[in-house]
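Chemist: Just passing along the structure, written as structure tokens.
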Amino acid sequence: MALFITFEGGEGCGKSVQTRALYRKLKQLAIPVLITREPGGTRLGQKLRRWLKWTPNSGISSLTELLLFNAARSQLVNEVLKPNLDKGKTIICDRYADSTTAYQSYGRGLDREMVIAINNAATQGLEPDLTILLDIPPEEGLARKSSQRQDRFEQETVTFHRRVREGYLRLAEAEPQRWLVIDATKDKEEIAAIIWQRVGQLLSRAGD
Ligand code: TYD
């Protein structure tokens, strides 16, 4: 059975390193796997990604932001996620609907029930088998990125990023069977080993 694995976390938590490490590991084992990300992963998603991250003084409201992330998601679910899961491919997705709950609801303050309802419309109920949270204090994560050009989200206040982190931790607490929370200040080999232990378990269970 194909697994749907998502990665979540605040800025500078090391998601891209860990998504790639897991992808390489699965490839080595000849497990059919696809890696994608949000926003992105489709032509529309790439365009929206550029807009959402890099348009300065865009005047974009929180509600518009919520809808644009979900427009990108809806396209990704139809075009990439569902067809590939149906073909038996395991999918690694860098961010998914939990990002929207953490950033647009806990971070921006949009009503939680509305955010979850719109997320559910976009995902059509497609839920991850496993969500890995790379948890990092915002000060530390933002410092890791401070030498690079900062996008709209990285320019937000530390208080905003603290709310996002708190949101993630609450989501994980509410659904412990789906989430694996890892201290992202550990070294990257250790983090990769923790992830592999859980994914290996899920794969062997799926093969039973
Ligand atoms: P990305 O490059 O994926 O961030 P990172 O390098 O931290 O992984 O950029 C995506 C940004 O968009 C990130 O700051 C989080 C934000 N985001 C939301 O606010 N809501 C969402 O639903 C998603 C998918 C991302």
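Here's how to read the names in the structure tokens: chain A, B, ... by the order shown, residue numbers from 1 in each chain, ligand numbers from 1 in the order shown.
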With only C-alpha atoms and all ligand atoms counted, collect every polymer residue having an atom within 8 Å of ligand 1; state the result as a ChimeraX atom specification.

Modeler: /A:8-16,37-39,49,52-53,65-66,69-70,73,94-104,151-154

Chemist: Which neighbours of Ile182 of chain A fall inside 10 Å, counting only C-alpha atoms, when residues of the same chain fewer than 3 positions from it are skipped, and could you give them as a PyMOL selection string?

Modeler: chain A and resi 9+132-136+179+185-186+191+194-195

Chemist: Apply DSSP to the structure's backbone, then extract all residues of segment 93-207 of chain A labelled helix (DSSP H, G or I) and return them as a PyMOL selection string.

Modeler: chain A and resi 97-107+112-123+138-144+158-174+188-207

Chemist: Output C-alpha atoms for every residue in the selection just made, as a PDB file, in the first residue's frame.

Modeler:
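Result saved to part37.pdb:
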```
ATOM      1  CA  ALA A  97      -3.220  21.290   4.970  1.00  0.00           C
ATOM      2  CA  ASP A  98      -1.750  21.447   8.497  1.00  0.00           C
ATOM      3  CA  SER A  99       0.436  24.347   7.295  1.00  0.00           C
ATOM      4  CA  THR A 100      -2.731  26.306   6.577  1.00  0.00           C
ATOM      5  CA  THR A 101      -4.214  25.578   9.995  1.00  0.00           C
ATOM      6  CA  ALA A 102      -0.933  26.575  11.665  1.00  0.00           C
ATOM      7  CA  TYR A 103      -0.146  29.688   9.586  1.00  0.00           C
ATOM      8  CA  GLN A 104      -3.518  31.080   8.517  1.00  0.00           C
ATOM      9  CA  SER A 105      -5.507  30.145  11.634  1.00  0.00           C
ATOM     10  CA  TYR A 106      -3.043  30.133  14.565  1.00  0.00           C
ATOM     11  CA  GLY A 107      -0.676  32.617  12.878  1.00  0.00           C
ATOM     12  CA  ARG A 112     -10.300  27.661  12.943  1.00  0.00           C
ATOM     13  CA  GLU A 113     -13.512  25.938  11.853  1.00  0.00           C
ATOM     14  CA  MET A 114     -13.661  27.939   8.636  1.00  0.00           C
ATOM     15  CA  VAL A 115     -10.011  27.156   7.844  1.00  0.00           C
ATOM     16  CA  ILE A 116     -10.523  23.449   8.480  1.00  0.00           C
ATOM     17  CA  ALA A 117     -13.694  23.396   6.365  1.00  0.00           C
ATOM     18  CA  ILE A 118     -11.926  25.047   3.419  1.00  0.00           C
ATOM     19  CA  ASN A 119      -8.905  22.775   3.832  1.00  0.00           C
ATOM     20  CA  ASN A 120     -11.221  19.758   3.763  1.00  0.00           C
ATOM     21  CA  ALA A 121     -12.880  20.984   0.579  1.00  0.00           C
ATOM     22  CA  ALA A 122      -9.465  21.288  -1.098  1.00  0.00           C
ATOM     23  CA  THR A 123      -8.095  17.948   0.121  1.00  0.00           C
ATOM     24  CA  PRO A 138      11.244  30.323  15.952  1.00  0.00           C
ATOM     25  CA  GLU A 139      14.280  32.375  17.013  1.00  0.00           C
ATOM     26  CA  GLU A 140      16.534  29.496  16.094  1.00  0.00           C
ATOM     27  CA  GLY A 141      14.801  28.644  12.825  1.00  0.00           C
ATOM     28  CA  LEU A 142      14.724  32.251  11.638  1.00  0.00           C
ATOM     29  CA  ALA A 143      18.394  32.700  12.554  1.00  0.00           C
ATOM     30  CA  ARG A 144      19.297  29.756  10.288  1.00  0.00           C
ATOM     31  CA  VAL A 158       8.691  36.327  16.062  1.00  0.00           C
ATOM     32  CA  THR A 159       5.325  36.483  17.847  1.00  0.00           C
ATOM     33  CA  PHE A 160       3.592  35.351  14.645  1.00  0.00           C
ATOM     34  CA  HIS A 161       6.017  32.437  14.330  1.00  0.00           C
ATOM     35  CA  ARG A 162       5.507  31.521  17.995  1.00  0.00           C
ATOM     36  CA  ARG A 163       1.763  31.242  17.351  1.00  0.00           C
ATOM     37  CA  VAL A 164       2.448  29.014  14.332  1.00  0.00           C
ATOM     38  CA  ARG A 165       4.654  26.731  16.431  1.00  0.00           C
ATOM     39  CA  GLU A 166       2.057  26.564  19.186  1.00  0.00           C
ATOM     40  CA  GLY A 167      -0.562  25.688  16.566  1.00  0.00           C
ATOM     41  CA  TYR A 168       1.503  22.827  15.224  1.00  0.00           C
ATOM     42  CA  LEU A 169       2.097  21.431  18.698  1.00  0.00           C
ATOM     43  CA  ARG A 170      -1.619  21.524  19.463  1.00  0.00           C
ATOM     44  CA  LEU A 171      -2.494  19.803  16.206  1.00  0.00           C
ATOM     45  CA  ALA A 172       0.050  17.081  16.959  1.00  0.00           C
ATOM     46  CA  GLU A 173      -1.262  16.669  20.477  1.00  0.00           C
ATOM     47  CA  ALA A 174      -4.827  16.248  19.216  1.00  0.00           C
ATOM     48  CA  LYS A 188      20.383  15.853  10.841  1.00  0.00           C
ATOM     49  CA  GLU A 189      21.561  12.226  10.834  1.00  0.00           C
ATOM     50  CA  GLU A 190      19.822  11.614  14.131  1.00  0.00           C
ATOM     51  CA  ILE A 191      16.599  13.186  12.818  1.00  0.00           C
ATOM     52  CA  ALA A 192      16.790  11.100   9.626  1.00  0.00           C
ATOM     53  CA  ALA A 193      17.189   7.941  11.730  1.00  0.00           C
ATOM     54  CA  ILE A 194      14.104   8.762  13.852  1.00  0.00           C
ATOM     55  CA  ILE A 195      12.081   9.378  10.681  1.00  0.00           C
ATOM     56  CA  TRP A 196      13.291   6.183   9.076  1.00  0.00           C
ATOM     57  CA  GLN A 197      12.406   4.108  12.098  1.00  0.00           C
ATOM     58  CA  ARG A 198       8.759   5.253  11.897  1.00  0.00           C
ATOM     59  CA  VAL A 199       8.466   5.078   8.101  1.00  0.00           C
ATOM     60  CA  GLY A 200      10.031   1.600   8.091  1.00  0.00           C
ATOM     61  CA  GLN A 201       7.422   0.430  10.621  1.00  0.00           C
ATOM     62  CA  LEU A 202       4.580   1.841   8.534  1.00  0.00           C
ATOM     63  CA  LEU A 203       5.924   0.252   5.355  1.00  0.00           C
ATOM     64  CA  SER A 204       6.218  -3.176   6.920  1.00  0.00           C
ATOM     65  CA  ARG A 205       2.709  -2.876   8.350  1.00  0.00           C
ATOM     66  CA  ALA A 206       1.382  -1.754   4.949  1.00  0.00           C
ATOM     67  CA  GLY A 207       3.028  -4.805   3.329  1.00  0.00           C
TER      68      GLY A 207
END
```

Chemist: What does the structure give for the distance between atom CA of Ala30 of chain A and atom CA of Ala2 of chain A, in Å to one decimal?

Modeler: 13.1 Å

Chemist: One decimal, Å: what's the distance from atom CA of Glu127 of chain A over to atom CA of Ile92 of chain A, could you say?

Modeler: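 It comes out at 12.6 Å.
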